[in-house]
Amino acid sequence: MPADLHIHSCFSDGLLTPEEIVSKAREAGLTAISLTDHDTVDGLPRAIAAAQKEGIKLVPGIELTTDIGDTEIHMLGYYIDYKAEWFVELLAKIRDDRVNRVGKIVQKLNALGIDIKAEDITKLASKGSIGRPHVARALIEKGVVSTIQEAFNKYLDIHGPAYVPHFKLTPHEAIDTINKAGGIAVFAHPAVSRKDEMIGELAAHGLSGLEVYYSRHSYFQVRHYLSLAKKFKLLVSGGSDFHGMGTGRDVALGDVKLSDEYFKKIEERGPHGH
Ligand code: AMP
Ligand code: ZN
Ligand code: FE
Ligand code: FE
């Protein structure tokens with residue numbers, strides 16, 4: 001009964017609809033998935049309805065970006081109460097700032113001599129959370145770059161000339177938010193953030209799990225994070241971070257399978273485990 005607990009839809013920067021994701025998950029032989037869009041829960045009702053039809057488990061999820069200065073920590077939240085009014089309002093505020101940020105990115109790109117309008121980007125994110133991947137797609141459409149990767153390398157990554165940060169919670173605030181929403185906070189792709197020294201302290205602050213199995217974790221890294229999870233008594237999670245093909249992150253849905261043993265432990269803590 002494998003699970004893939006890290007998936008993005010077109011409600012943030014993924015390409016597929018929640019229904020398409022659920023149907024792909026069934027084809028891949030998954031029995032449980034989590035939809036973890038960036039800063040939005042708006043895709044969840046559709047994902048839940050589709051999963052019910054297809055007979056697979058859908059863990060309501062989210063991925064929050066947190067700010068720690070030189071880099072980011074991404075925090076996954078599972079089994080969050082996605083209908084809680086205060087939570088929905090907080091997410092709306094974060095997404096509004098993402099829209100403002102696109103305006104600033106456009107100004108920077110224009111100053112670099114690139115002819116692009118905010119509208120060229122916003123039209124690619126009709127459903128929700130807008131981000132740099134949408135900017136990258138618009139730059140491809142304009143013929144400025146030929147791949148998403150090139151857009152990040154040349155303009156958009158944290159050291160790029162068109163980089164603009166968006167409003168972010170701190171890691172503690174993200175953990176508090178997820179816990180307050182009745183969810184389970186999981187440190188996403190720790191090998192990408194490379195902030196291992198923070199894991200113990202975050203665990204003490206209410207972090208519940210570590211995304212040990214991840215599409216860009218090596219065998220060695222998986223073993224390393226398994227031992228850290230054990231050391232800090234954290235749940236072991238796993239997911240592909242699927243965004244759809246052609247997004248510069250070309251991993252297939254279900255490429256990372258969390259074993260039933262680990263999924264069960266997560267399930268026991270959610271949705272009624274508190
Ligand atoms: P944002 O939240 O708008 O800052 O965008 C961050 C998202 O962009 C990440 O979650 C990834 O989905 C994507 N991303 C970041 N770096 C790259 C990259 N080098 N290539 C492709 N996608 C990337
Ligand atoms: Zn993403
Ligand atoms: Fe992430
Ligand atoms: Fe992600």
# chains A, B, ... in the order shown; residues from 1 in each chain; ligands from 1

$ residues_near_ligand --ligand "ligand 1" --cutoff "6 Å" --atoms "only C-alpha atoms and all ligand atoms" --output "PyMOL selection string"
chain A and resi 131-133+148-149+152+248-249

$ write_last_selection --atoms "C-alpha atoms" --output "PDB file, in the first residue's frame"
ATOM      1  CA  GLY A 131       5.258  31.607  -8.337  1.00  0.00           C
ATOM      2  CA  ARG A 132       8.553  31.585 -10.136  1.00  0.00           C
ATOM      3  CA  PRO A 133       7.708  28.486 -12.202  1.00  0.00           C
ATOM      4  CA  ILE A 148      12.533  26.188 -17.057  1.00  0.00           C
ATOM      5  CA  GLN A 149      15.970  25.320 -15.761  1.00  0.00           C
ATOM      6  CA  PHE A 152      15.971  29.722 -12.990  1.00  0.00           C
ATOM      7  CA  GLY A 248      12.126  21.281 -14.939  1.00  0.00           C
ATOM      8  CA  ARG A 249      11.520  18.773 -12.173  1.00  0.00           C
TER       9      ARG A 249
END

$ closest_atom_pairs --of "chain A" --to "ligand 2" --cutoff "12 Å" --atoms "only C-alpha atoms and all ligand atoms" --output "CSV"
residue,atom,partner,partner_atom_place_in_ligand_line,distance
A:His6,CA,ligand 2,1 (Zn),10.0
A:Ile7,CA,ligand 2,1 (Zn),8.6
A:His8,CA,ligand 2,1 (Zn),6.3
A:Ser9,CA,ligand 2,1 (Zn),8.8
A:Cys10,CA,ligand 2,1 (Zn),9.9
A:Phe11,CA,ligand 2,1 (Zn),10.3
A:Ser12,CA,ligand 2,1 (Zn),6.9
A:Asp13,CA,ligand 2,1 (Zn),5.1
A:Gly14,CA,ligand 2,1 (Zn),6.5
A:Leu15,CA,ligand 2,1 (Zn),10.1
A:Leu35,CA,ligand 2,1 (Zn),11.5
A:Thr36,CA,ligand 2,1 (Zn),9.1
A:Asp37,CA,ligand 2,1 (Zn),7.2
A:His38,CA,ligand 2,1 (Zn),6.4
A:Asp39,CA,ligand 2,1 (Zn),10.1
A:Thr40,CA,ligand 2,1 (Zn),11.5
A:Ile62,CA,ligand 2,1 (Zn),11.0
A:Glu63,CA,ligand 2,1 (Zn),8.7
A:Leu64,CA,ligand 2,1 (Zn),10.4
A:Thr65,CA,ligand 2,1 (Zn),10.1
A:His74,CA,ligand 2,1 (Zn),10.4
A:Ser129,CA,ligand 2,1 (Zn),9.7
A:Ile130,CA,ligand 2,1 (Zn),9.8
A:Gly131,CA,ligand 2,1 (Zn),8.1
A:Arg132,CA,ligand 2,1 (Zn),8.8
A:Pro133,CA,ligand 2,1 (Zn),7.4
A:His134,CA,ligand 2,1 (Zn),9.9
A:Ala188,CA,ligand 2,1 (Zn),11.9
A:Ser240,CA,ligand 2,1 (Zn),11.4
A:Asp241,CA,ligand 2,1 (Zn),7.6
A:Phe242,CA,ligand 2,1 (Zn),8.4
A:His243,CA,ligand 2,1 (Zn),6.5
A:Gly244,CA,ligand 2,1 (Zn),10.1
A:Thr247,CA,ligand 2,1 (Zn),9.2
A:Gly248,CA,ligand 2,1 (Zn),10.4
A:Arg249,CA,ligand 2,1 (Zn),9.0
A:Asp250,CA,ligand 2,1 (Zn),11.9

$ write_last_selection --atoms "C-alpha atoms" --output "PDB file, in the first residue's frame"
ATOM      1  CA  HIS A   6       4.211  15.311  -1.890  1.00  0.00           C
ATOM      2  CA  ILE A   7       2.355  16.366  -5.049  1.00  0.00           C
ATOM      3  CA  HIS A   8       1.554  19.733  -6.701  1.00  0.00           C
ATOM      4  CA  SER A   9      -1.430  20.503  -8.931  1.00  0.00           C
ATOM      5  CA  CYS A  10      -2.417  23.403 -11.173  1.00  0.00           C
ATOM      6  CA  PHE A  11      -3.734  25.115  -8.037  1.00  0.00           C
ATOM      7  CA  SER A  12      -0.091  26.065  -7.457  1.00  0.00           C
ATOM      8  CA  ASP A  13       2.765  25.420  -9.878  1.00  0.00           C
ATOM      9  CA  GLY A  14       1.926  21.902 -11.029  1.00  0.00           C
ATOM     10  CA  LEU A  15       0.462  21.215 -14.456  1.00  0.00           C
ATOM     11  CA  LEU A  35      -1.936  17.040  -2.474  1.00  0.00           C
ATOM     12  CA  THR A  36       0.558  19.567  -1.105  1.00  0.00           C
ATOM     13  CA  ASP A  37       0.185  22.731  -3.144  1.00  0.00           C
ATOM     14  CA  HIS A  38       2.250  25.786  -2.227  1.00  0.00           C
ATOM     15  CA  ASP A  39       0.329  28.115   0.113  1.00  0.00           C
ATOM     16  CA  THR A  40      -3.125  26.971  -0.963  1.00  0.00           C
ATOM     17  CA  ILE A  62      -0.055  21.923   2.045  1.00  0.00           C
ATOM     18  CA  GLU A  63       3.532  23.077   1.515  1.00  0.00           C
ATOM     19  CA  LEU A  64       4.550  26.319   3.219  1.00  0.00           C
ATOM     20  CA  THR A  65       7.755  28.128   2.312  1.00  0.00           C
ATOM     21  CA  HIS A  74       9.733  24.016   3.112  1.00  0.00           C
ATOM     22  CA  SER A 129      -0.790  30.240  -5.999  1.00  0.00           C
ATOM     23  CA  ILE A 130       1.507  32.055  -8.444  1.00  0.00           C
ATOM     24  CA  GLY A 131       5.258  31.607  -8.337  1.00  0.00           C
ATOM     25  CA  ARG A 132       8.553  31.585 -10.136  1.00  0.00           C
ATOM     26  CA  PRO A 133       7.708  28.486 -12.202  1.00  0.00           C
ATOM     27  CA  HIS A 134       4.930  30.515 -13.864  1.00  0.00           C
ATOM     28  CA  ALA A 188      10.307  18.749   3.371  1.00  0.00           C
ATOM     29  CA  SER A 240       7.997  12.623  -5.267  1.00  0.00           C
ATOM     30  CA  ASP A 241       7.315  16.399  -5.382  1.00  0.00           C
ATOM     31  CA  PHE A 242       5.594  15.727  -8.695  1.00  0.00           C
ATOM     32  CA  HIS A 243       4.739  18.885 -10.657  1.00  0.00           C
ATOM     33  CA  GLY A 244       4.001  17.354 -14.074  1.00  0.00           C
ATOM     34  CA  THR A 247       8.384  21.576 -15.348  1.00  0.00           C
ATOM     35  CA  GLY A 248      12.126  21.281 -14.939  1.00  0.00           C
ATOM     36  CA  ARG A 249      11.520  18.773 -12.173  1.00  0.00           C
ATOM     37  CA  ASP A 250      10.752  15.732 -14.275  1.00  0.00           C
TER      38      ASP A 250
END

$ atom_distance --atom1 "CA of Gly206 (chain A)" --atom2 "CA of Gly239 (chain A)"
21.2 Å

$ select_by_dssp --residues "region 99-272 of chain A" --states "strand (DSSP E)" --output "number ranges by chain"
A: 184-187, 209-214, 235-239

$ write_last_selection --atoms "all heavy atoms" --output "compact mmCIF listing (two decimals), in the first residue's frame"
# COMPACT_ATOMS: atom_id res chain seq x y z
N ILE A 184 -0.05 17.83 10.93
CA ILE A 184 1.24 17.24 11.25
C ILE A 184 2.28 17.98 10.42
O ILE A 184 2.20 18.01 9.20
CB ILE A 184 1.25 15.75 10.84
CG1 ILE A 184 0.23 14.95 11.63
CG2 ILE A 184 2.64 15.16 10.96
CD1 ILE A 184 0.02 13.54 11.07
N ALA A 185 3.26 18.61 11.08
CA ALA A 185 4.28 19.37 10.34
C ALA A 185 5.47 18.48 10.00
O ALA A 185 6.04 17.81 10.86
CB ALA A 185 4.74 20.57 11.17
N VAL A 186 5.84 18.49 8.72
CA VAL A 186 6.93 17.64 8.23
C VAL A 186 7.93 18.50 7.46
O VAL A 186 7.56 19.24 6.55
CB VAL A 186 6.35 16.53 7.31
CG1 VAL A 186 7.47 15.75 6.63
CG2 VAL A 186 5.46 15.58 8.10
N PHE A 187 9.19 18.39 7.83
CA PHE A 187 10.29 19.11 7.18
C PHE A 187 10.49 18.49 5.80
O PHE A 187 10.87 17.32 5.70
CB PHE A 187 11.54 18.95 8.05
CG PHE A 187 12.73 19.79 7.70
CD1 PHE A 187 13.47 20.40 8.71
CD2 PHE A 187 13.15 19.96 6.38
CE1 PHE A 187 14.61 21.17 8.42
CE2 PHE A 187 14.27 20.73 6.08
CZ PHE A 187 15.00 21.33 7.10
N GLY A 209 7.62 15.42 11.71
CA GLY A 209 8.18 14.43 10.78
C GLY A 209 9.23 15.00 9.85
O GLY A 209 9.43 16.21 9.76
N LEU A 210 9.87 14.07 9.17
CA LEU A 210 10.95 14.40 8.25
C LEU A 210 10.68 13.68 6.92
O LEU A 210 10.37 12.48 6.91
CB LEU A 210 12.26 13.88 8.87
CG LEU A 210 13.59 14.44 8.42
CD1 LEU A 210 13.64 15.96 8.56
CD2 LEU A 210 14.71 13.80 9.25
N GLU A 211 10.81 14.42 5.82
CA GLU A 211 10.60 13.80 4.50
C GLU A 211 11.89 13.08 4.09
O GLU A 211 12.72 13.63 3.38
CB GLU A 211 10.20 14.86 3.47
CG GLU A 211 9.73 14.25 2.16
CD GLU A 211 9.27 15.31 1.16
OE1 GLU A 211 9.95 16.34 0.98
OE2 GLU A 211 8.20 15.10 0.56
N VAL A 212 12.01 11.87 4.57
CA VAL A 212 13.23 11.08 4.37
C VAL A 212 13.34 10.60 2.93
O VAL A 212 14.40 10.69 2.31
CB VAL A 212 13.23 9.87 5.33
CG1 VAL A 212 14.37 8.92 5.00
CG2 VAL A 212 13.31 10.34 6.79
N TYR A 213 12.23 10.09 2.41
CA TYR A 213 12.22 9.57 1.03
C TYR A 213 11.78 10.69 0.10
O TYR A 213 10.69 11.24 0.25
CB TYR A 213 11.28 8.37 0.91
CG TYR A 213 11.75 7.19 1.72
CD1 TYR A 213 11.30 7.00 3.03
CD2 TYR A 213 12.69 6.30 1.20
CE1 TYR A 213 11.76 5.94 3.79
CE2 TYR A 213 13.16 5.24 1.96
CZ TYR A 213 12.68 5.06 3.25
OH TYR A 213 13.14 4.02 4.00
N TYR A 214 12.64 11.02 -0.85
CA TYR A 214 12.37 12.17 -1.72
C TYR A 214 13.06 11.94 -3.06
O TYR A 214 14.14 11.33 -3.11
CB TYR A 214 12.91 13.45 -1.05
CG TYR A 214 12.62 14.71 -1.84
CD1 TYR A 214 11.31 15.15 -2.01
CD2 TYR A 214 13.64 15.44 -2.45
CE1 TYR A 214 11.03 16.29 -2.74
CE2 TYR A 214 13.37 16.59 -3.18
CZ TYR A 214 12.06 17.00 -3.31
OH TYR A 214 11.78 18.13 -4.05
N LEU A 235 8.34 11.28 12.66
CA LEU A 235 7.70 10.40 11.69
C LEU A 235 8.53 10.43 10.40
O LEU A 235 9.13 11.44 10.07
CB LEU A 235 6.28 10.89 11.37
CG LEU A 235 5.25 10.82 12.50
CD1 LEU A 235 4.05 11.71 12.15
CD2 LEU A 235 4.80 9.38 12.71
N VAL A 236 8.51 9.30 9.69
CA VAL A 236 9.22 9.22 8.41
C VAL A 236 8.19 9.41 7.30
O VAL A 236 7.20 8.68 7.23
CB VAL A 236 9.92 7.85 8.28
CG1 VAL A 236 10.47 7.65 6.87
CG2 VAL A 236 11.02 7.72 9.32
N SER A 237 8.42 10.42 6.44
CA SER A 237 7.51 10.64 5.33
C SER A 237 8.25 10.52 4.01
O SER A 237 9.49 10.37 3.99
CB SER A 237 6.85 12.02 5.46
OG SER A 237 5.83 12.14 4.48
N GLY A 238 7.50 10.59 2.92
CA GLY A 238 8.14 10.50 1.62
C GLY A 238 7.23 10.91 0.49
O GLY A 238 6.02 10.75 0.57
N GLY A 239 7.82 11.49 -0.54
CA GLY A 239 7.03 11.89 -1.69
C GLY A 239 7.90 12.29 -2.86
O GLY A 239 9.11 12.50 -2.72

$ residues_around --residues "region 101-115 of chain A" --least-positions-apart "5" --cutoff "8 Å" --atoms "only C-alpha atoms" --output "count of residues only"
11

$ closest_residue --among "A:Leu5, A:Ala25, A:His189, A:Ile80" --to "ligand 3" --atoms "only C-alpha atoms and all ligand atoms"
A:His189

$ residues_around --residues "Gly43 (chain A)" --least-positions-apart "3" --cutoff "7 Å" --atoms "only C-alpha atoms" --output "count of residues only"
4

$ residues_around --residues "Ala204 (chain A)" --least-positions-apart "5" --cutoff "12 Å" --atoms "only C-alpha atoms" --output "list of chain:residue names"
A:His172, A:Ile175, A:Asp176, A:Met198, A:Ile199, A:Gly209, A:Phe232, A:Lys233, A:Leu234

$ write_last_selection --atoms "N, CA, C and O atoms" --output "tab-separated table (two decimals), in the first residue's frame"
chain	number	residue	atom	x	y	z
A	172	HIS	N	9.33	28.31	12.70
A	172	HIS	CA	8.50	28.15	13.92
A	172	HIS	C	7.05	28.53	13.64
A	172	HIS	O	6.13	27.83	14.06
A	175	ILE	N	5.34	25.79	11.65
A	175	ILE	CA	5.01	24.64	12.51
A	175	ILE	C	3.80	24.97	13.38
A	175	ILE	O	2.85	24.18	13.49
A	176	ASP	N	3.81	26.16	13.99
A	176	ASP	CA	2.70	26.56	14.85
A	176	ASP	C	1.39	26.60	14.06
A	176	ASP	O	0.34	26.19	14.55
A	198	MET	N	19.28	22.38	12.34
A	198	MET	CA	18.05	22.94	12.92
A	198	MET	C	17.02	21.88	13.29
A	198	MET	O	16.03	22.18	13.97
A	199	ILE	N	17.21	20.66	12.83
A	199	ILE	CA	16.16	19.65	12.95
A	199	ILE	C	15.81	19.36	14.42
A	199	ILE	O	14.63	19.29	14.78
A	209	GLY	N	7.62	15.42	11.71
A	209	GLY	CA	8.18	14.43	10.78
A	209	GLY	C	9.23	15.00	9.85
A	209	GLY	O	9.43	16.21	9.76
A	232	PHE	N	15.50	11.96	16.65
A	232	PHE	CA	14.61	13.00	17.17
A	232	PHE	C	13.15	12.55	17.28
A	232	PHE	O	12.25	13.37	17.44
A	233	LYS	N	12.94	11.24	17.14
A	233	LYS	CA	11.59	10.66	17.25
A	233	LYS	C	10.60	11.33	16.31
A	233	LYS	O	9.50	11.74	16.71
A	234	LEU	N	11.00	11.44	15.05
A	234	LEU	CA	10.14	12.07	14.05
A	234	LEU	C	9.53	11.00	13.15
A	234	LEU	O	10.14	9.95	12.90

$ closest_residue --among "A:Asn100, A:Thr170, A:Ser23, A:Thr66" --to "ligand 3" --atoms "only C-alpha atoms and all ligand atoms"
A:Thr66

$ atom_distance --atom1 "CA of Phe87 (chain A)" --atom2 "CA of Leu124 (chain A)"
25.3 Å

$ residues_around --residues "Arg223 (chain A)" --least-positions-apart "2" --cutoff "12 Å" --atoms "only C-alpha atoms" --output "list in words"
Ala191, Glu211, Val212, Tyr213, Tyr214, His217, Ser218, Tyr219, Phe220, Gln221, Tyr225, Leu226, Ser227, Leu228, Ala229, Lys230 and Val236 of chain A

$ atom_distance --atom1 "CA of Glu89 (chain A)" --atom2 "CA of Pro271 (chain A)"
21.5 Å

$ closest_residue --among "A:Met75, A:Leu253, A:Val222, A:Ala51" --to "ligand 4" --atoms "only C-alpha atoms and all ligand atoms"
A:Met75

$ select_by_dssp --residues "region 30-264 of chain A" --states "alpha helix (DSSP H)" --output "PyMOL selection string"
chain A and resi 44-54+85-111+118-122+132-141+148-151+171-180+190-193+199-204+219-231+260-264

$ closest_residue --among "A:Arg194, A:Lys265, A:Arg216, A:Lys257" --to "ligand 4" --atoms "only C-alpha atoms and all ligand atoms"
A:Arg216

$ residues_around --residues "Ile48 (chain A)" --least-positions-apart "4" --cutoff "9 Å" --atoms "only C-alpha atoms" --output "PyMOL selection string"
chain A and resi 18+22+43-44+52-53+57-60

$ write_last_selection --atoms "N, CA and C atoms" --output "CSV table (one decimal), in the first residue's frame"
chain,number,residue,atom,x,y,z
A,18,PRO,N,-6.4,18.3,-10.1
A,18,PRO,CA,-6.5,17.3,-9.0
A,18,PRO,C,-7.1,15.9,-9.5
A,22,VAL,N,-5.2,12.3,-9.3
A,22,VAL,CA,-5.8,11.1,-8.6
A,22,VAL,C,-5.8,9.9,-9.6
A,43,GLY,N,-7.3,23.3,-4.0
A,43,GLY,CA,-7.4,22.1,-4.8
A,43,GLY,C,-7.9,20.9,-4.1
A,44,LEU,N,-8.0,21.0,-2.7
A,44,LEU,CA,-8.3,19.9,-1.9
A,44,LEU,C,-9.7,19.3,-2.1
A,52,GLN,N,-12.2,9.8,-3.6
A,52,GLN,CA,-13.3,9.0,-3.1
A,52,GLN,C,-13.8,8.1,-4.2
A,53,LYS,N,-14.0,8.7,-5.4
A,53,LYS,CA,-14.4,7.9,-6.6
A,53,LYS,C,-13.5,6.8,-7.0
A,57,LYS,N,-6.8,6.8,-0.9
A,57,LYS,CA,-6.8,7.8,0.3
A,57,LYS,C,-6.2,9.1,-0.1
A,58,LEU,N,-6.8,10.2,0.3
A,58,LEU,CA,-6.3,11.5,0.0
A,58,LEU,C,-6.0,12.2,1.3
A,59,VAL,N,-4.7,12.5,1.6
A,59,VAL,CA,-4.4,13.2,2.8
A,59,VAL,C,-4.4,14.7,2.5
A,60,PRO,N,-5.3,15.5,3.1
A,60,PRO,CA,-5.3,16.9,2.9
A,60,PRO,C,-3.9,17.5,3.3

$ closest_residue --among "A:Ser193, A:Met245, A:Lys231, A:Ile21" --to "ligand 3" --atoms "only C-alpha atoms and all ligand atoms"
A:Ser193

$ closest_residue --among "A:Lys117, A:Ser215, A:Tyr262, A:Ala125" --to "Val192 (chain A)" --atoms "only C-alpha atoms"
A:Ser215

$ decode --residues "region 217-242 of chain A" --atoms "N, CA, C and O atoms" --output "CSV table (one decimal), in the first residue's frame"
chain,number,residue,atom,x,y,z
A,217,HIS,N,16.7,12.7,-3.2
A,217,HIS,CA,17.6,12.3,-2.1
A,217,HIS,C,18.4,11.0,-2.6
A,217,HIS,O,17.7,10.1,-3.1
A,218,SER,N,19.6,11.0,-2.4
A,218,SER,CA,20.4,9.8,-2.7
A,218,SER,C,20.2,8.7,-1.7
A,218,SER,O,19.6,9.0,-0.6
A,219,TYR,N,20.6,7.5,-2.0
A,219,TYR,CA,20.5,6.4,-1.1
A,219,TYR,C,21.2,6.8,0.3
A,219,TYR,O,20.7,6.5,1.4
A,220,PHE,N,22.4,7.4,0.1
A,220,PHE,CA,23.1,7.8,1.3
A,220,PHE,C,22.3,8.8,2.2
A,220,PHE,O,22.2,8.7,3.4
A,221,GLN,N,21.7,9.8,1.5
A,221,GLN,CA,20.9,10.8,2.2
A,221,GLN,C,19.7,10.2,2.9
A,221,GLN,O,19.3,10.6,4.0
A,222,VAL,N,19.1,9.2,2.2
A,222,VAL,CA,17.9,8.5,2.8
A,222,VAL,C,18.4,7.9,4.2
A,222,VAL,O,17.7,8.0,5.2
A,223,ARG,N,19.5,7.2,4.1
A,223,ARG,CA,20.0,6.5,5.3
A,223,ARG,C,20.3,7.6,6.4
A,223,ARG,O,20.0,7.3,7.6
A,224,HIS,N,20.9,8.6,6.0
A,224,HIS,CA,21.2,9.7,7.0
A,224,HIS,C,20.0,10.3,7.6
A,224,HIS,O,19.9,10.4,8.9
A,225,TYR,N,18.9,10.6,6.8
A,225,TYR,CA,17.7,11.2,7.4
A,225,TYR,C,16.9,10.2,8.2
A,225,TYR,O,16.2,10.5,9.1
A,226,LEU,N,17.0,8.9,7.8
A,226,LEU,CA,16.3,7.9,8.6
A,226,LEU,C,16.9,7.9,10.0
A,226,LEU,O,16.2,7.8,11.0
A,227,SER,N,18.2,8.0,10.1
A,227,SER,CA,18.8,8.0,11.4
A,227,SER,C,18.5,9.3,12.2
A,227,SER,O,18.3,9.2,13.4
A,228,LEU,N,18.4,10.4,11.5
A,228,LEU,CA,18.0,11.6,12.2
A,228,LEU,C,16.5,11.6,12.7
A,228,LEU,O,16.2,12.0,13.8
A,229,ALA,N,15.7,11.0,11.9
A,229,ALA,CA,14.3,10.8,12.3
A,229,ALA,C,14.2,10.0,13.5
A,229,ALA,O,13.4,10.3,14.5
A,230,LYS,N,15.0,8.9,13.6
A,230,LYS,CA,15.0,8.1,14.7
A,230,LYS,C,15.5,8.8,16.0
A,230,LYS,O,14.9,8.7,17.0
A,231,LYS,N,16.6,9.5,15.8
A,231,LYS,CA,17.2,10.2,16.9
A,231,LYS,C,16.2,11.2,17.5
A,231,LYS,O,16.2,11.4,18.7
A,232,PHE,N,15.5,12.0,16.7
A,232,PHE,CA,14.6,13.0,17.2
A,232,PHE,C,13.2,12.5,17.3
A,232,PHE,O,12.3,13.4,17.4
A,233,LYS,N,12.9,11.2,17.1
A,233,LYS,CA,11.6,10.7,17.3
A,233,LYS,C,10.6,11.3,16.3
A,233,LYS,O,9.5,11.7,16.7
A,234,LEU,N,11.0,11.4,15.1
A,234,LEU,CA,10.1,12.1,14.1
A,234,LEU,C,9.5,11.0,13.1
A,234,LEU,O,10.1,10.0,12.9
A,235,LEU,N,8.3,11.3,12.7
A,235,LEU,CA,7.7,10.4,11.7
A,235,LEU,C,8.5,10.4,10.4
A,235,LEU,O,9.1,11.4,10.1
A,236,VAL,N,8.5,9.3,9.7
A,236,VAL,CA,9.2,9.2,8.4
A,236,VAL,C,8.2,9.4,7.3
A,236,VAL,O,7.2,8.7,7.2
A,237,SER,N,8.4,10.4,6.4
A,237,SER,CA,7.5,10.6,5.3
A,237,SER,C,8.3,10.5,4.0
A,237,SER,O,9.5,10.4,4.0
A,238,GLY,N,7.5,10.6,2.9
A,238,GLY,CA,8.1,10.5,1.6
A,238,GLY,C,7.2,10.9,0.5
A,238,GLY,O,6.0,10.7,0.6
A,239,GLY,N,7.8,11.5,-0.5
A,239,GLY,CA,7.0,11.9,-1.7
A,239,GLY,C,7.9,12.3,-2.9
A,239,GLY,O,9.1,12.5,-2.7
A,240,SER,N,7.3,12.4,-4.0
A,240,SER,CA,8.0,12.6,-5.3
A,240,SER,C,8.2,14.1,-5.5
A,240,SER,O,9.2,14.5,-6.2
A,241,ASP,N,7.3,15.0,-5.0
A,241,ASP,CA,7.3,16.4,-5.4
A,241,ASP,C,7.0,16.5,-6.9
A,241,ASP,O,7.5,17.4,-7.6
A,242,PHE,N,6.1,15.7,-7.3
A,242,PHE,CA,5.6,15.7,-8.7
A,242,PHE,C,4.9,17.1,-9.0
A,242,PHE,O,4.1,17.6,-8.3
